[in-house]
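Written below as structure tokens is the structure these notes are about.
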Amino acid sequence: MEFDEIRPYEPEEMEQAFNDLIHDRQFSLLMKGLVPWLPKSVRNGVLKLAFVGVKTPLDFQKRFMKPIVKFIIRRHTDGTVFDDACLPQDKGLRYTFVSNHRDIVLDSAFLDLLLIQAGYPTTVEIGIGDNLLIYPWIKRLVRMNKAFTVRRGLSPKETLRSSQLMSRYIHYAVTKKEENLWISQREGRAKDSNDRTQDSVLKMLAMGAPDELKDPADRLRELNIVPLTISYEFDPCDYLKAQELQERRDNPAFKKSRQDDLDNMKTGIFGYKGRVHYHCAQPVNQWIDELSELPRTEFYSAMAHRMDKAIHNGYQLFPCNYIALDDLDGTSAYAAYYTDDDRQRFETYLAGQLAKISIPNKDETFLRECMLNMYANPLRNKLAAK
């Protein structure tokens with residue numbers, strides 16, 4: 001009961017949650033938009049028939065989400081690759097995947113499918129900000145899909161309480177429920193793709209360990225953390241991120257609206273991503289003892305740095321990464337990694353993305369540089385990590 005306000009649905013709650021979902025007015029309107037030729041009674045009847053045999057959130061993912069994610073991969077990417085060579089051969093182990101953050105919805109959704117396809121017995125529970133749960137049907141759907149709630153916009157005191165509760169739940173999910181977890185290395189996506197692990201995320205993960213574990217390394221060790229690198233050839237939200245960077249530059253008080261969040265979700269799901277690559281580094285338990293003698297004030301910073309190195313080494317680089325860095329540096333130092341056709345393709349892509357931005361005082365030079373940095377930073381970071 002301690003975790004009722006944030007946890008995913010339990011198996012015994014799934015049927016009621018599903019019934020509430022299909023009778024939700026806004027969800028019904030969404031389904032009507034997808035299949036307008038079907039009467040509501042028929043739509044609901046089909047969904048209920050498809051739900052037969054679904055007992056757990058994992059069943060729900062396999063029955064409903066797996067085909068949807070496979071469709072997105074087929075329609076909006078040039079394929080996905082999952083590299084788990086650094087993980088132990090025992091696929092019964094559970095992990096807390098801590099990764100860079102490319103897409104609000106698909107980072108974990110792709111991982112779920114890739115784990116199942118690779119023969120792992122279960123998927124991941126994920127943390128999702130309550131700022132995205134703007135309609136009751138969205139909250140129901142994500143809780144059916146193994147999501148727990150991360151509360152945003154709290155006072156410092158409330159934030160501390162919320163972080164402690166979430167951390168206790170994460171430890172409970174890994175050690176008692178025997179679930180995998182996925183969490184971003186930072187709050188929100190890095191707008192410039194300069195991916196860095198926040199010390200605060202690691203401190204939060206350590207909070208919820210049993211009281212008898214005093215050492216920070218011991219507190220994190222029971223989560224079996226795996227640094228995970230997500231690489232997109234093309235980020236469909238790159239122009240939205242660039243637009244936000246100009247809006248923040250021109251107005252320091254700028255804040256995204258709920259509609260902005262929905263636009264990012266929609267664009268991330270249905271935009272073209274090119275090739276997608278997931279790389280698992282070795283679990284941190286294989287090297288965390290090397291840091292255990294550090295003072296607590298230094299441990300989390302050293303841990304974040306070591307995880308960043310693992311994540312940066314895991315980037316899959318594409319021609320656009322090399323082209324972007326050459327353009328920014330005004331050189332052809334990496335010309336061996338791309339062709340004239342690659343360059344023309346990337347230039348055409350950038351022009352098309354920039355054309356989608358419509359804001360007052362549109363600064364094309366600044367926006368283009370922002371987008372180039374998004375593609376150059378993974379290369380810069382991988383070079384530095386090596």
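A note on labels: chains of the structure tokens are A, B, ... as shown, every chain counts residues from 1, and ligands are counted from 1 in their shown order.
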
Near segment 217-230 of chain A, within 8 Å and counting only C-alpha atoms, which residues show up once chain neighbours fewer than 3 positions away are dropped, as a ChimeraX atom specification?
/A:94-102,107,171,174-175,205-207,209-210,213-214,276-285,288-289,291-292,307,310-312,314-315

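Once Leu58 of chain A and its same-chain neighbours fewer than 3 positions away are set aside, A:Val54, A:Lys55, A:Gln61, A:Lys62, A:Arg63, A:Thr122, A:Thr123, A:Met144, A:Asn145, A:Lys146 remain within 9 Å of it when counting only C-alpha atoms.
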
For C-alpha atoms, I'd like the residues from the last selection saved as a short mmCIF file (atom, residue, chain, number, x, y, z; two decimals), in the first residue's frame.
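Saved result, again-v5.cif, follows:
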data_model
loop_
_atom_site.label_atom_id
_atom_site.label_comp_id
_atom_site.auth_asym_id
_atom_site.auth_seq_id
_atom_site.Cartn_x
_atom_site.Cartn_y
_atom_site.Cartn_z
CA VAL A 54 -4.60 -10.74 -20.37
CA LYS A 55 -3.88 -11.11 -16.68
CA GLN A 61 2.39 -5.35 -23.36
CA LYS A 62 2.74 -8.53 -25.38
CA ARG A 63 -0.87 -8.51 -26.60
CA THR A 122 10.25 -9.72 -18.95
CA THR A 123 10.31 -6.08 -19.97
CA MET A 144 -1.28 -0.85 -17.49
CA ASN A 145 1.99 -0.62 -19.42
CA LYS A 146 4.25 -1.04 -16.34
#

Surrounding residues of segment 125-131 of chain A excluding itself and chain neighbours under 6 positions, 10 Å, only C-alpha atoms, as a VMD selection string
chain A and resid 6 to 8 57 to 58 96 to 97 104 to 105 107 to 109 112 139 142 to 143 145 to 153 166 170 173 to 174 179 to 184 187 to 188 257 to 258 261

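Candidate residues A:Leu372, A:Val46, A:Ile73, A:Ala304 were compared for distance to Arg196 of chain A, and the nearest is A:Ala304, using only C-alpha atoms.
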
Identify, with DSSP run on backbone atoms, the residues in segment 187-251 of chain A assigned to helix (DSSP H, G or I), and express the list as a PyMOL selection string.
chain A and resi 199-207+216-221+238-250

Contact check, segment 225-306 of chain A to segment 319-341 of chain A, at most 12 Å, counting only C-alpha atoms, closest pairs as a Markdown table:
| residue | atom | partner | partner_atom | distance |
| --- | --- | --- | --- | --- |
| A:Ser231 | CA | A:Asn321 | CA | 10.8 |
| A:Tyr232 | CA | A:Asn321 | CA | 10.4 |
| A:Glu233 | CA | A:Cys320 | CA | 7.4 |
| A:Phe234 | CA | A:Cys320 | CA | 8.2 |
| A:Asp235 | CA | A:Cys320 | CA | 11.1 |
| A:Gly274 | CA | A:Cys320 | CA | 10.9 |
| A:Arg275 | CA | A:Pro319 | CA | 11.3 |

From segment 30-216 of chain A, collect each residue whose DSSP state is strand (DSSP E) and return the set as a PyMOL selection string.
chain A and resi 80-83+96-99+124-129+147-150+180-184

Any chance you could export the current selection's C-alpha atoms as a PDB file, in the first residue's frame?
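Output file part09.pdb follows:
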ATOM      1  CA  THR A  80      16.618  -1.475 -34.676  1.00  0.00           C
ATOM      2  CA  VAL A  81      19.677  -3.267 -33.296  1.00  0.00           C
ATOM      3  CA  PHE A  82      20.079  -4.502 -29.708  1.00  0.00           C
ATOM      4  CA  ASP A  83      23.634  -5.143 -28.495  1.00  0.00           C
ATOM      5  CA  THR A  96      18.068  -1.190 -13.749  1.00  0.00           C
ATOM      6  CA  PHE A  97      18.838   0.332 -17.147  1.00  0.00           C
ATOM      7  CA  VAL A  98      20.041   3.936 -16.847  1.00  0.00           C
ATOM      8  CA  SER A  99      20.230   5.514 -20.283  1.00  0.00           C
ATOM      9  CA  VAL A 124      10.986  -2.925 -17.923  1.00  0.00           C
ATOM     10  CA  GLU A 125       9.014  -0.808 -15.533  1.00  0.00           C
ATOM     11  CA  ILE A 126       9.540   2.861 -16.296  1.00  0.00           C
ATOM     12  CA  GLY A 127       9.263   6.191 -14.550  1.00  0.00           C
ATOM     13  CA  ILE A 128       7.104   8.749 -16.359  1.00  0.00           C
ATOM     14  CA  GLY A 129       6.595  12.361 -15.294  1.00  0.00           C
ATOM     15  CA  ALA A 147       4.825   2.679 -15.668  1.00  0.00           C
ATOM     16  CA  PHE A 148       5.237   4.266 -12.262  1.00  0.00           C
ATOM     17  CA  THR A 149       4.675   7.969 -11.708  1.00  0.00           C
ATOM     18  CA  VAL A 150       7.409  10.562 -11.210  1.00  0.00           C
ATOM     19  CA  ASN A 180      13.679  -4.734 -14.734  1.00  0.00           C
ATOM     20  CA  LEU A 181      13.649  -0.934 -14.512  1.00  0.00           C
ATOM     21  CA  TRP A 182      14.406   1.795 -17.029  1.00  0.00           C
ATOM     22  CA  ILE A 183      15.185   5.344 -15.972  1.00  0.00           C
ATOM     23  CA  SER A 184      16.730   8.312 -17.745  1.00  0.00           C
TER      24      SER A 184
END

Tell me which protein, DNA and RNA residues are within 9 Å of Ala242 of chain A, counting only C-alpha atoms, leaving out same-chain ones fewer than 4 positions away, and put them as a ChimeraX atom specification.
/A:191-192,237-238,246-247,354,357,366-371,374

Would you write out those residues with all heavy atoms, as a compact mmCIF listing (two decimals), in the first residue's frame?
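The resulting out.txt:
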# COMPACT_ATOMS: atom_id res chain seq x y z
N LYS A 191 18.71 18.73 -24.60
CA LYS A 191 18.28 19.38 -25.85
C LYS A 191 19.37 19.38 -26.91
O LYS A 191 19.09 19.45 -28.10
CB LYS A 191 17.84 20.82 -25.56
CG LYS A 191 16.65 20.94 -24.61
CD LYS A 191 15.40 20.30 -25.18
CE LYS A 191 14.20 20.49 -24.29
NZ LYS A 191 14.27 19.73 -23.04
N ASP A 192 20.64 19.31 -26.47
CA ASP A 192 21.75 19.33 -27.43
C ASP A 192 22.39 17.95 -27.60
O ASP A 192 23.46 17.84 -28.20
CB ASP A 192 22.81 20.35 -27.00
CG ASP A 192 23.37 20.07 -25.61
OD1 ASP A 192 22.92 19.10 -24.98
OD2 ASP A 192 24.23 20.84 -25.16
N CYS A 237 12.49 14.92 -33.26
CA CYS A 237 12.19 16.09 -32.43
C CYS A 237 13.30 17.13 -32.45
O CYS A 237 13.25 18.10 -31.68
CB CYS A 237 11.93 15.66 -30.99
SG CYS A 237 10.41 14.71 -30.76
N ASP A 238 14.30 16.96 -33.33
CA ASP A 238 15.43 17.88 -33.32
C ASP A 238 15.00 19.33 -33.55
O ASP A 238 15.49 20.26 -32.89
CB ASP A 238 16.52 17.46 -34.31
CG ASP A 238 15.99 17.16 -35.71
OD1 ASP A 238 14.86 17.58 -36.05
OD2 ASP A 238 16.72 16.48 -36.47
N GLN A 246 15.83 28.37 -28.90
CA GLN A 246 15.73 29.78 -29.25
C GLN A 246 14.72 30.49 -28.38
O GLN A 246 14.94 31.63 -27.94
CB GLN A 246 15.36 29.97 -30.72
CG GLN A 246 15.31 31.48 -31.07
CD GLN A 246 14.91 31.79 -32.48
OE1 GLN A 246 15.13 31.00 -33.39
NE2 GLN A 246 14.32 32.97 -32.69
N GLU A 247 13.60 29.84 -28.11
CA GLU A 247 12.58 30.48 -27.28
C GLU A 247 13.10 30.75 -25.87
O GLU A 247 12.81 31.79 -25.27
CB GLU A 247 11.33 29.60 -27.23
CG GLU A 247 10.57 29.59 -28.56
CD GLU A 247 9.38 28.65 -28.57
OE1 GLU A 247 9.53 27.49 -28.16
OE2 GLU A 247 8.29 29.09 -28.98
N LEU A 354 14.24 22.44 -40.50
CA LEU A 354 14.24 23.87 -40.19
C LEU A 354 12.99 24.55 -40.73
O LEU A 354 12.45 25.48 -40.11
CB LEU A 354 15.49 24.54 -40.77
CG LEU A 354 16.80 24.27 -40.04
CD1 LEU A 354 18.00 24.73 -40.87
CD2 LEU A 354 16.82 24.98 -38.68
N ILE A 357 9.90 24.95 -38.45
CA ILE A 357 9.91 25.87 -37.31
C ILE A 357 9.25 27.17 -37.71
O ILE A 357 9.64 27.81 -38.69
CB ILE A 357 11.35 26.14 -36.83
CG1 ILE A 357 12.01 24.82 -36.38
CG2 ILE A 357 11.37 27.16 -35.68
CD1 ILE A 357 13.48 24.96 -36.01
N PHE A 366 21.17 30.40 -35.83
CA PHE A 366 21.21 29.82 -34.49
C PHE A 366 20.56 28.44 -34.48
O PHE A 366 21.09 27.49 -33.90
CB PHE A 366 20.49 30.75 -33.50
CG PHE A 366 20.34 30.19 -32.12
CD1 PHE A 366 21.39 30.26 -31.21
CD2 PHE A 366 19.15 29.59 -31.72
CE1 PHE A 366 21.26 29.72 -29.93
CE2 PHE A 366 19.01 29.07 -30.44
CZ PHE A 366 20.06 29.14 -29.55
N LEU A 367 19.39 28.32 -35.13
CA LEU A 367 18.66 27.06 -35.13
C LEU A 367 19.45 25.96 -35.83
O LEU A 367 19.51 24.82 -35.36
CB LEU A 367 17.31 27.25 -35.81
CG LEU A 367 16.31 28.16 -35.08
CD1 LEU A 367 15.15 28.53 -36.00
CD2 LEU A 367 15.79 27.47 -33.81
N ARG A 368 20.08 26.30 -36.95
CA ARG A 368 20.89 25.31 -37.67
C ARG A 368 22.07 24.86 -36.82
O ARG A 368 22.37 23.66 -36.74
CB ARG A 368 21.39 25.90 -38.99
CG ARG A 368 22.27 24.95 -39.78
CD ARG A 368 22.80 25.61 -41.05
NE ARG A 368 23.84 24.80 -41.66
CZ ARG A 368 23.64 23.76 -42.46
NH1 ARG A 368 22.39 23.42 -42.76
NH2 ARG A 368 24.64 23.07 -42.96
N GLU A 369 22.71 25.81 -36.14
CA GLU A 369 23.84 25.45 -35.29
C GLU A 369 23.39 24.56 -34.14
O GLU A 369 24.09 23.60 -33.78
CB GLU A 369 24.51 26.72 -34.74
CG GLU A 369 25.75 26.41 -33.90
CD GLU A 369 26.47 27.66 -33.44
OE1 GLU A 369 26.20 28.74 -34.00
OE2 GLU A 369 27.31 27.56 -32.53
N CYS A 370 22.22 24.84 -33.58
CA CYS A 370 21.68 23.98 -32.51
C CYS A 370 21.50 22.55 -33.00
O CYS A 370 21.87 21.58 -32.33
CB CYS A 370 20.34 24.52 -32.02
SG CYS A 370 20.46 26.01 -31.01
N MET A 371 20.93 22.42 -34.20
CA MET A 371 20.67 21.08 -34.72
C MET A 371 21.97 20.37 -35.07
O MET A 371 22.12 19.17 -34.82
CB MET A 371 19.74 21.17 -35.93
CG MET A 371 18.32 21.57 -35.55
SD MET A 371 17.20 21.72 -36.94
CE MET A 371 17.18 20.04 -37.54
N MET A 374 23.40 18.91 -31.99
CA MET A 374 22.72 17.69 -31.55
C MET A 374 23.33 16.45 -32.20
O MET A 374 23.39 15.37 -31.58
CB MET A 374 21.23 17.76 -31.92
CG MET A 374 20.44 18.81 -31.16
SD MET A 374 18.73 18.87 -31.76
CE MET A 374 18.29 20.56 -31.31

Can you tell me which residues surround Asp90 of chain A at a distance of at most 12 Å, considering only C-alpha atoms, apart from same-chain residues fewer than 6 positions away, and format the answer as number ranges by chain?
A: 84, 119-121

Expected file contents, prior selection, N, CA and C atoms, as a compact mmCIF listing (two decimals), in the first residue's frame:
# COMPACT_ATOMS: atom_id res chain seq x y z
N ASP A 84 23.52 -6.63 -26.58
CA ASP A 84 23.59 -6.99 -25.16
C ASP A 84 24.79 -7.88 -24.87
N GLY A 119 15.02 -12.77 -25.97
CA GLY A 119 14.83 -13.93 -25.13
C GLY A 119 14.80 -13.66 -23.64
N TYR A 120 14.72 -12.39 -23.24
CA TYR A 120 14.61 -12.08 -21.82
C TYR A 120 13.16 -12.33 -21.37
N PRO A 121 12.98 -12.75 -20.11
CA PRO A 121 11.63 -13.17 -19.69
C PRO A 121 10.67 -12.04 -19.41

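Candidate residues A:Lys309, A:Arg140, A:Lys157, A:Lys362 were compared for distance to Leu245 of chain A, and the nearest is A:Lys362, using only C-alpha atoms.
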
Enter the distance from atom CA of Tyr300 of chain A to atom CA of Arg248 of chain A, in Å, rounded to one decimal.
29.7 Å
